[in-house]
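Structure file upload-v2.tsv (TSV, C-alpha atoms) is printed below.
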chain	number	residue	atom	x	y	z
Z	1	MET	CA	-30.94	-4.01	3.67
Z	2	SER	CA	-27.87	-2.43	2.11
Z	3	LYS	CA	-25.30	-1.07	4.56
Z	4	HIS	CA	-24.47	1.69	2.06
Z	5	GLY	CA	-26.40	4.92	1.72
Z	6	LYS	CA	-27.90	6.83	-1.20
Z	7	ARG	CA	-24.59	8.50	-2.13
Z	8	TYR	CA	-22.81	5.16	-2.46
Z	9	ALA	CA	-25.69	3.69	-4.49
Z	10	GLU	CA	-25.53	6.64	-6.89
Z	11	LEU	CA	-21.77	6.21	-7.31
Z	12	ARG	CA	-22.13	2.47	-7.87
Z	13	GLY	CA	-24.61	3.18	-10.64
Z	14	ARG	CA	-21.86	5.00	-12.54
Z	15	VAL	CA	-19.63	1.92	-12.60
Z	16	ASP	CA	-20.09	-0.98	-15.02
Z	17	ARG	CA	-19.43	-3.76	-12.53
Z	18	GLU	CA	-18.99	-6.39	-15.25
Z	19	HIS	CA	-16.54	-4.39	-17.36
Z	20	GLU	CA	-12.76	-4.41	-16.95
Z	21	TYR	CA	-11.53	-0.88	-17.66
Z	22	THR	CA	-8.10	0.06	-18.98
Z	23	PRO	CA	-5.84	1.52	-16.24
Z	24	ALA	CA	-6.27	5.05	-17.61
Z	25	GLU	CA	-10.08	4.71	-17.78
Z	26	ALA	CA	-10.20	3.25	-14.27
Z	27	VAL	CA	-8.05	6.01	-12.77
Z	28	ALA	CA	-10.16	8.73	-14.39
Z	29	LEU	CA	-13.38	7.08	-13.21
Z	30	VAL	CA	-12.16	6.47	-9.67
Z	31	ARG	CA	-11.09	10.10	-9.27
Z	32	SER	CA	-14.52	11.24	-10.46
Z	33	LEU	CA	-16.18	9.08	-7.79
Z	34	ALA	CA	-14.36	10.74	-4.88
Z	35	SER	CA	-17.04	13.02	-3.43
Z	36	THR	CA	-16.36	13.38	0.28
Z	37	LYS	CA	-15.08	16.52	1.98
Z	38	PHE	CA	-11.71	14.94	2.79
Z	39	ASP	CA	-9.00	13.93	0.33
Z	40	GLU	CA	-9.68	10.21	-0.11
Z	41	SER	CA	-6.88	7.71	-0.60
Z	42	VAL	CA	-6.79	5.73	-3.83
Z	43	GLU	CA	-6.31	2.00	-3.25
Z	44	VAL	CA	-5.42	-0.91	-5.52
Z	45	HIS	CA	-6.45	-4.46	-4.62
Z	46	VAL	CA	-4.80	-7.25	-6.60
Z	47	ARG	CA	-6.12	-10.79	-6.27
Z	48	THR	CA	-3.40	-13.28	-7.11
Z	49	GLY	CA	-3.57	-16.98	-7.88
Z	50	LEU	CA	-0.92	-17.78	-5.28
Z	51	ASN	CA	-1.41	-20.49	-2.67
Z	52	VAL	CA	-0.18	-18.50	0.31
Z	53	ARG	CA	-0.18	-21.59	2.52
Z	54	HIS	CA	2.99	-22.61	0.68
Z	55	ALA	CA	6.16	-20.84	1.77
Z	56	ASP	CA	7.50	-20.68	-1.79
Z	57	GLU	CA	4.37	-18.84	-2.98
Z	58	GLN	CA	4.58	-16.00	-0.48
Z	59	LEU	CA	4.76	-12.53	-1.99
Z	60	ARG	CA	6.37	-9.73	0.00
Z	61	GLY	CA	8.59	-6.80	-0.81
Z	62	THR	CA	8.84	-3.02	-1.05
Z	63	ILE	CA	8.31	-0.50	-3.81
Z	64	ALA	CA	9.16	3.17	-4.10
Z	65	LEU	CA	6.15	4.82	-5.71
Z	66	PRO	CA	7.24	7.41	-8.31
Z	67	HIS	CA	4.97	10.09	-6.82
Z	68	GLY	CA	4.76	8.98	-3.21
Z	69	LEU	CA	1.54	8.63	-1.22
Z	70	GLY	CA	0.52	12.25	-0.89
Z	71	ARG	CA	0.61	12.10	2.90
Z	72	ASP	CA	3.09	12.25	5.72
Z	73	VAL	CA	4.36	8.77	6.54
Z	74	ARG	CA	4.77	8.40	10.31
Z	75	ILE	CA	7.79	6.34	11.30
Z	76	ALA	CA	8.78	4.65	14.56
Z	77	VAL	CA	12.42	3.59	14.94
Z	78	PHE	CA	13.84	1.21	17.52
Z	79	ALA	CA	17.43	2.29	17.99
Z	80	GLN	CA	19.80	3.58	20.62
Z	81	GLY	CA	22.83	5.84	20.88
Z	82	GLU	CA	24.22	7.18	17.63
Z	83	LYS	CA	21.67	5.26	15.55
Z	84	ALA	CA	18.81	6.87	17.49
Z	85	ARG	CA	20.24	10.31	16.73
Z	86	GLU	CA	20.65	9.31	13.06
Z	87	ALA	CA	16.98	8.31	12.92
Z	88	GLU	CA	15.86	11.58	14.52
Z	89	GLU	CA	17.96	13.64	12.11
Z	90	ALA	CA	16.44	11.74	9.16
Z	91	GLY	CA	12.94	12.72	10.30
Z	92	ALA	CA	11.67	9.73	12.29
Z	93	ASP	CA	8.57	10.60	14.29
Z	94	HIS	CA	9.16	8.29	17.25
Z	95	VAL	CA	12.53	6.90	18.37
Z	96	GLY	CA	13.23	4.68	21.34
Z	97	GLY	CA	13.93	1.24	22.74
Z	98	ASP	CA	12.24	-0.42	25.72
Z	99	ASP	CA	10.28	2.78	26.34
Z	100	LEU	CA	8.84	2.77	22.81
Z	101	ALA	CA	8.04	-0.93	23.05
Z	102	LYS	CA	6.20	-0.34	26.33
Z	103	ARG	CA	4.11	2.44	24.77
Z	104	ILE	CA	3.14	0.12	21.90
Z	105	GLU	CA	2.23	-2.65	24.34
Z	106	GLU	CA	-0.03	-0.12	26.09
Z	107	GLY	CA	-1.85	0.71	22.85
Z	108	PHE	CA	0.21	3.36	21.05
Z	109	ASP	CA	-0.05	2.84	17.28
Z	110	ASP	CA	0.29	6.32	15.77
Z	111	PHE	CA	2.80	5.29	13.10
Z	112	ASP	CA	2.74	3.70	9.65
Z	113	VAL	CA	6.18	2.07	9.46
Z	114	ALA	CA	8.44	0.54	12.11
Z	115	ILE	CA	12.20	0.32	11.57
Z	116	ALA	CA	14.74	-1.31	13.87
Z	117	THR	CA	18.47	-1.84	14.12
Z	118	PRO	CA	19.41	-5.55	14.39
Z	119	ASP	CA	20.52	-5.21	18.03
Z	120	MET	CA	17.02	-4.01	18.98
Z	121	MET	CA	15.17	-7.04	17.62
Z	122	SER	CA	15.19	-8.71	21.03
Z	123	VAL	CA	13.05	-5.79	22.20
Z	124	VAL	CA	10.92	-5.66	19.04
Z	125	GLY	CA	10.39	-9.43	19.07
Z	126	ARG	CA	7.92	-9.27	21.95
Z	127	LEU	CA	5.73	-6.93	19.89
Z	128	GLY	CA	5.16	-9.51	17.14
Z	129	ARG	CA	1.56	-10.23	18.17
Z	130	ILE	CA	0.82	-6.49	17.86
Z	131	LEU	CA	2.94	-5.37	14.92
Z	132	GLY	CA	2.58	-8.58	12.87
Z	133	PRO	CA	-1.20	-8.44	12.25
Z	134	ALA	CA	-0.92	-4.70	11.56
Z	135	GLY	CA	1.73	-5.30	8.87
Z	136	LYS	CA	4.26	-3.17	10.77
Z	137	MET	CA	6.75	-5.77	12.03
Z	138	PRO	CA	10.32	-4.81	11.03
Z	139	ASN	CA	11.79	-7.31	8.58
Z	140	PRO	CA	15.30	-7.48	7.07
Z	141	LYS	CA	13.87	-8.76	3.76
Z	142	VAL	CA	12.12	-5.44	3.15
Z	143	GLY	CA	14.86	-3.22	4.58
Z	144	THR	CA	13.20	-2.28	7.86
Z	145	VAL	CA	15.77	-4.13	9.99
Z	146	THR	CA	18.97	-2.31	9.16
Z	147	MET	CA	21.93	-0.39	10.57
Z	148	ASP	CA	21.38	2.28	7.91
Z	149	VAL	CA	18.36	3.74	9.69
Z	150	GLY	CA	18.83	7.18	8.15
Z	151	LYS	CA	18.45	5.80	4.64
Z	152	ALA	CA	15.50	3.58	5.67
Z	153	VAL	CA	13.66	6.54	7.23
Z	154	ALA	CA	14.31	8.76	4.19
Z	155	GLU	CA	13.05	6.10	1.77
Z	156	SER	CA	9.89	5.48	3.78
Z	157	LYS	CA	9.22	9.21	4.03
Z	158	SER	CA	9.58	9.59	0.25
Z	159	GLY	CA	6.98	6.94	-0.59
Z	160	LYS	CA	8.61	3.53	-0.25
Z	161	VAL	CA	5.87	1.12	0.80
Z	162	GLU	CA	5.75	-2.54	1.75
Z	163	TYR	CA	3.42	-4.97	0.01
Z	164	ARG	CA	2.44	-8.51	0.87
Z	165	THR	CA	-0.31	-11.01	0.15
Z	166	ASP	CA	-2.92	-11.38	2.87
Z	167	ARG	CA	-4.44	-14.71	3.92
Z	168	THR	CA	-6.71	-14.68	0.85
Z	169	ALA	CA	-3.78	-14.02	-1.55
Z	170	ILE	CA	-4.76	-10.39	-2.16
Z	171	VAL	CA	-2.31	-7.48	-2.17
Z	172	HIS	CA	-3.77	-4.21	-0.85
Z	173	LEU	CA	-1.89	-0.95	-1.45
Z	174	VAL	CA	-2.56	2.77	-1.31
Z	175	ILE	CA	-1.19	4.44	-4.45
Z	176	GLY	CA	-1.93	8.09	-3.71
Z	177	LYS	CA	-4.71	10.57	-3.11
Z	178	ALA	CA	-7.81	11.44	-5.14
Z	179	SER	CA	-6.35	14.96	-5.46
Z	180	PHE	CA	-3.43	13.55	-7.49
Z	181	ASP	CA	-3.79	14.16	-11.20
Z	182	GLU	CA	-4.49	11.13	-13.39
Z	183	GLY	CA	-0.93	10.96	-14.66
Z	184	ARG	CA	0.62	10.59	-11.22
Z	185	LEU	CA	-1.91	8.00	-10.10
Z	186	LEU	CA	-1.46	6.06	-13.32
Z	187	GLU	CA	2.32	6.01	-12.98
Z	188	ASN	CA	2.06	4.83	-9.35
Z	189	TYR	CA	-0.41	2.13	-10.43
Z	190	GLY	CA	1.88	1.02	-13.25
Z	191	ALA	CA	4.85	0.83	-10.88
Z	192	VAL	CA	2.87	-1.43	-8.53
Z	193	LEU	CA	1.77	-3.82	-11.28
Z	194	ASP	CA	5.26	-3.94	-12.78
Z	195	GLU	CA	6.72	-4.76	-9.35
Z	196	LEU	CA	4.18	-7.54	-8.68
Z	197	VAL	CA	4.95	-9.11	-12.06
Z	198	ARG	CA	8.69	-8.81	-11.41
Z	199	ALA	CA	8.33	-10.42	-7.99
Z	200	LYS	CA	6.18	-13.34	-9.15
Z	201	PRO	CA	7.28	-16.42	-7.18
Z	202	SER	CA	8.89	-19.07	-9.38
Z	203	ALA	CA	6.61	-21.68	-7.78
Z	204	ALA	CA	3.43	-19.87	-8.89
Z	205	LYS	CA	1.11	-21.99	-11.01
Z	206	GLY	CA	-1.79	-21.07	-13.25
Z	207	ARG	CA	-3.06	-17.54	-13.70
Z	208	TYR	CA	-0.99	-15.21	-11.53
Z	209	LEU	CA	-2.94	-11.91	-11.55
Z	210	ARG	CA	-6.60	-12.93	-11.21
Z	211	SER	CA	-8.22	-9.52	-10.82
Z	212	VAL	CA	-7.38	-5.89	-10.12
Z	213	THR	CA	-9.68	-3.35	-8.49
Z	214	LEU	CA	-9.20	0.38	-7.95
Z	215	ALA	CA	-11.22	2.34	-5.41
Z	216	THR	CA	-11.07	5.40	-3.19
Z	217	THR	CA	-11.61	5.21	0.55
Z	218	MET	CA	-15.38	5.78	0.31
Z	219	SER	CA	-16.29	4.75	-3.23
Z	220	PRO	CA	-17.20	1.48	-4.97
Z	221	GLY	CA	-14.49	-0.53	-6.70
Z	222	VAL	CA	-13.68	-0.30	-10.39
Z	223	LYS	CA	-12.38	-3.41	-12.13
Z	224	VAL	CA	-9.18	-3.02	-14.15
Z	225	ASP	CA	-8.00	-5.32	-16.92
Z	226	PRO	CA	-4.93	-7.02	-15.36
Z	227	SER	CA	-3.37	-7.57	-18.78
Z	228	SER	CA	-3.68	-3.93	-19.84
Z	229	LYS	CA	-0.37	-2.11	-19.58
Z	230	VAL	CA	0.19	1.50	-18.61
Z	231	GLY	CA	1.52	3.41	-21.60
Z	232	ALA	CA	4.93	5.06	-21.71
Z	233	ASP	CA	3.32	8.49	-21.42
Z	234	ALA	CA	0.94	7.93	-18.53
Z	235	GLY	CA	-0.04	11.59	-18.32
Z	236	GLN	CA	-1.27	11.80	-21.91
Z	237	GLU	CA	-2.97	8.42	-21.62
Z	238	ALA	CA	-4.89	9.49	-18.53
Z	239	GLN	CA	-5.82	12.82	-20.12
Z	240	ALA	CA	-7.22	11.02	-23.15
Z	241	ALA	CA	-9.27	8.75	-20.89
Z	242	THR	CA	-10.65	11.75	-19.00
Z	243	ILE	CA	-11.69	13.46	-22.23
Z	244	ALA	CA	-13.32	10.25	-23.48
Z	245	ALA	CA	-15.29	9.94	-20.23

Whole structure given in structure tokens:
Amino acid sequence: MSKHGKRYAELRGRVDREHEYTPAEAVALVRSLASTKFDESVEVHVRTGLNVRHADEQLRGTIALPHGLGRDVRIAVFAQGEKAREAEEAGADHVGGDDLAKRIEEGFDDFDVAIATPDMMSVVGRLGRILGPAGKMPNPKVGTVTMDVGKAVAESKSGKVEYRTDRTAIVHLVIGKASFDEGRLLENYGAVLDELVRAKPSAAKGRYLRSVTLATTMSPGVKVDPSSKVGADAGQEAQAATIAA
């Protein structure tokens, strides 16, 4: 028996599951499938051909989405003294040291991004088994272990997000809200694909981008042609796709 209800089945019937849509067509279709009472997130799932068991085929980095995520990004900062004040002034939601680590060990997880100054990594290190699987472990490679905590908080608040391949070599990212217009979603999508192509590991072999799927939180996925580029004028392209639909 299907675990999905009648609403989901009806939405799935509106998607050609064998067809790879252009980015503009996919964005227009995905927005039309959002039918819940809350503002659903729009997600992109990119299956790569990377062998993530090899260290030189790992994919991880950050990207500043042109139009942000459409939601408040909650930030926890591990810092003390002047750096703690700097984080608070920049808008961090939770700032602390051992006290913050203890709260997280006890189950507190009401934050999206964790940032730490280098001197606090001895405290943060013991949280690896909690923050690591959740994708929240501070890392100098993506700018979340830094002395410039004010800048790191501001960038995260404005839509800078971290991406990484999971154990099945798929990158999962939220690119906005269903309430975004097609142009903004399309530009965020294009920025993600451009960044993944730019960051392709030199050791990658064979087909790099295997498949791309767009979906909202509660809707079926829509396949996107990985080789189809977002046009220079994303707004007009998306509008044309909406009219065609």

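One distance worth recording is that between atom CA of Z:Val142 and atom CA of Z:Ser41, which is 23.4 Å.
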
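By only C-alpha atoms, and with residues fewer than 2 positions from stretch 181-190 of chain Z along its chain excluded, the set lying at most 7 Å from it is Z:Pro23, Z:Ala24, Z:Val27, Z:Ala28, Z:Leu65, Z:Pro66, Z:His67, Z:Ile175, Z:Gly176, Z:Ser179, Z:Val192, Z:Leu193, Z:Asp194, Z:Val230, Z:Ala234, Z:Gly235, Z:Ala238.
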
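Taking atom CA of Z:Ile104 and atom CA of Z:Ala92 as endpoints, the distance between them is 16.0 Å.
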
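Distance annotation: of Z:Leu50, Z:Val197, Z:Ala79, Z:Val153, the residue with the minimal separation from Z:Ala169 is Z:Leu50; atom set is only C-alpha atoms.
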
Quick one: everything within 10 Å of stretch 54-61 of chain Z, counting all atoms listed in the file, minus sequence neighbours fewer than 2 positions away in the same chain. Send it as an mmCIF file with C-alpha atoms, keeping the file's coordinate frame.
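The resulting file, out.cif, is shown below:
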data_model
loop_
_atom_site.group_PDB
_atom_site.id
_atom_site.type_symbol
_atom_site.label_atom_id
_atom_site.label_comp_id
_atom_site.auth_asym_id
_atom_site.auth_seq_id
_atom_site.Cartn_x
_atom_site.Cartn_y
_atom_site.Cartn_z
ATOM 1 C CA THR Z 48 -3.400 -13.280 -7.110
ATOM 2 C CA GLY Z 49 -3.570 -16.980 -7.880
ATOM 3 C CA LEU Z 50 -0.920 -17.780 -5.280
ATOM 4 C CA ASN Z 51 -1.410 -20.490 -2.670
ATOM 5 C CA VAL Z 52 -0.180 -18.500 0.310
ATOM 6 C CA ILE Z 63 8.310 -0.500 -3.810
ATOM 7 C CA ASN Z 139 11.790 -7.310 8.580
ATOM 8 C CA LYS Z 141 13.870 -8.760 3.760
ATOM 9 C CA VAL Z 142 12.120 -5.440 3.150
ATOM 10 C CA GLY Z 143 14.860 -3.220 4.580
ATOM 11 C CA VAL Z 161 5.870 1.120 0.800
ATOM 12 C CA GLU Z 162 5.750 -2.540 1.750
ATOM 13 C CA TYR Z 163 3.420 -4.970 0.010
ATOM 14 C CA ARG Z 164 2.440 -8.510 0.870
ATOM 15 C CA THR Z 165 -0.310 -11.010 0.150
ATOM 16 C CA ASP Z 166 -2.920 -11.380 2.870
ATOM 17 C CA ALA Z 169 -3.780 -14.020 -1.550
ATOM 18 C CA ILE Z 170 -4.760 -10.390 -2.160
ATOM 19 C CA VAL Z 171 -2.310 -7.480 -2.170
ATOM 20 C CA GLU Z 195 6.720 -4.760 -9.350
ATOM 21 C CA LEU Z 196 4.180 -7.540 -8.680
ATOM 22 C CA ALA Z 199 8.330 -10.420 -7.990
ATOM 23 C CA LYS Z 200 6.180 -13.340 -9.150
ATOM 24 C CA PRO Z 201 7.280 -16.420 -7.180
ATOM 25 C CA SER Z 202 8.890 -19.070 -9.380
ATOM 26 C CA ALA Z 203 6.610 -21.680 -7.780
ATOM 27 C CA ALA Z 204 3.430 -19.870 -8.890
ATOM 28 C CA LYS Z 205 1.110 -21.990 -11.010
#

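Residues in contact with Z:Leu100 at 10 Å, where all atoms listed in the file are counted and same-chain residues fewer than 2 positions away are skipped, are listed as Ala76, Val77, Phe78, Ala79, His94, Val95, Gly96, Gly97, Asp98, Lys102, Arg103, Ile104, Glu105, Glu106, Phe108, Val123 and Val124 of chain Z.
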
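Each of Z:His19, Z:Lys6, Z:Lys157, Z:Arg12 was compared to Z:Asp225 using all atoms listed in the file, and Z:His19 turns out to be the nearest.
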
Kindly add all heavy atoms to the incomplete stretch 23-34 of chain Z and provide the output as a short mmCIF file (atom, residue, chain, number, x, y, z; two decimals), in the frame of the given file.
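Output (result-v3.cif):
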data_model
loop_
_atom_site.label_atom_id
_atom_site.label_comp_id
_atom_site.auth_asym_id
_atom_site.auth_seq_id
_atom_site.Cartn_x
_atom_site.Cartn_y
_atom_site.Cartn_z
N PRO Z 23 -6.34 0.77 -17.40
CA PRO Z 23 -5.84 1.52 -16.24
C PRO Z 23 -6.17 3.01 -16.31
O PRO Z 23 -6.60 3.59 -15.30
CB PRO Z 23 -4.34 1.27 -16.30
CG PRO Z 23 -4.20 -0.07 -16.94
CD PRO Z 23 -5.29 -0.10 -17.98
N ALA Z 24 -6.00 3.61 -17.48
CA ALA Z 24 -6.27 5.05 -17.61
C ALA Z 24 -7.76 5.34 -17.41
O ALA Z 24 -8.13 6.31 -16.73
CB ALA Z 24 -5.82 5.55 -18.98
N GLU Z 25 -8.63 4.52 -17.98
CA GLU Z 25 -10.08 4.71 -17.78
C GLU Z 25 -10.45 4.54 -16.32
O GLU Z 25 -11.25 5.31 -15.77
CB GLU Z 25 -10.86 3.69 -18.62
CG GLU Z 25 -10.77 3.89 -20.12
CD GLU Z 25 -11.35 2.72 -20.90
OE1 GLU Z 25 -11.46 1.61 -20.34
OE2 GLU Z 25 -11.68 2.92 -22.09
N ALA Z 26 -9.88 3.53 -15.67
CA ALA Z 26 -10.20 3.25 -14.27
C ALA Z 26 -9.75 4.39 -13.36
O ALA Z 26 -10.50 4.81 -12.46
CB ALA Z 26 -9.55 1.94 -13.84
N VAL Z 27 -8.55 4.91 -13.59
CA VAL Z 27 -8.05 6.01 -12.77
C VAL Z 27 -8.93 7.24 -12.92
O VAL Z 27 -9.29 7.90 -11.93
CB VAL Z 27 -6.58 6.33 -13.14
CG1 VAL Z 27 -6.17 7.71 -12.61
CG2 VAL Z 27 -5.65 5.26 -12.60
N ALA Z 28 -9.30 7.57 -14.16
CA ALA Z 28 -10.16 8.73 -14.39
C ALA Z 28 -11.51 8.55 -13.72
O ALA Z 28 -12.04 9.47 -13.09
CB ALA Z 28 -10.34 8.95 -15.89
N LEU Z 29 -12.07 7.35 -13.81
CA LEU Z 29 -13.38 7.08 -13.21
C LEU Z 29 -13.30 7.12 -11.68
O LEU Z 29 -14.16 7.74 -11.02
CB LEU Z 29 -13.90 5.72 -13.68
CG LEU Z 29 -15.25 5.26 -13.11
CD1 LEU Z 29 -16.33 6.30 -13.37
CD2 LEU Z 29 -15.64 3.91 -13.72
N VAL Z 30 -12.30 6.50 -11.12
CA VAL Z 30 -12.16 6.47 -9.67
C VAL Z 30 -12.02 7.88 -9.10
O VAL Z 30 -12.62 8.22 -8.08
CB VAL Z 30 -10.95 5.59 -9.27
CG1 VAL Z 30 -10.51 5.88 -7.83
CG2 VAL Z 30 -11.30 4.12 -9.40
N ARG Z 31 -11.24 8.71 -9.74
CA ARG Z 31 -11.09 10.10 -9.27
C ARG Z 31 -12.42 10.83 -9.31
O ARG Z 31 -12.73 11.63 -8.42
CB ARG Z 31 -10.07 10.87 -10.12
CG ARG Z 31 -8.62 10.53 -9.82
CD ARG Z 31 -7.67 11.47 -10.54
NE ARG Z 31 -7.60 12.78 -9.92
CZ ARG Z 31 -8.05 13.90 -10.45
NH1 ARG Z 31 -8.65 13.90 -11.63
NH2 ARG Z 31 -7.93 15.03 -9.81
N SER Z 32 -13.23 10.56 -10.33
CA SER Z 32 -14.52 11.24 -10.46
C SER Z 32 -15.52 10.78 -9.39
O SER Z 32 -16.49 11.47 -9.11
CB SER Z 32 -15.11 11.01 -11.85
OG SER Z 32 -15.62 9.69 -11.99
N LEU Z 33 -15.26 9.61 -8.80
CA LEU Z 33 -16.18 9.08 -7.79
C LEU Z 33 -15.88 9.59 -6.39
O LEU Z 33 -16.71 9.44 -5.49
CB LEU Z 33 -16.11 7.54 -7.78
CG LEU Z 33 -16.54 6.81 -9.06
CD1 LEU Z 33 -16.30 5.32 -8.92
CD2 LEU Z 33 -18.00 7.09 -9.38
N ALA Z 34 -14.71 10.19 -6.20
CA ALA Z 34 -14.36 10.74 -4.88
C ALA Z 34 -15.20 11.98 -4.61
O ALA Z 34 -15.04 12.99 -5.29
CB ALA Z 34 -12.87 11.06 -4.84
#
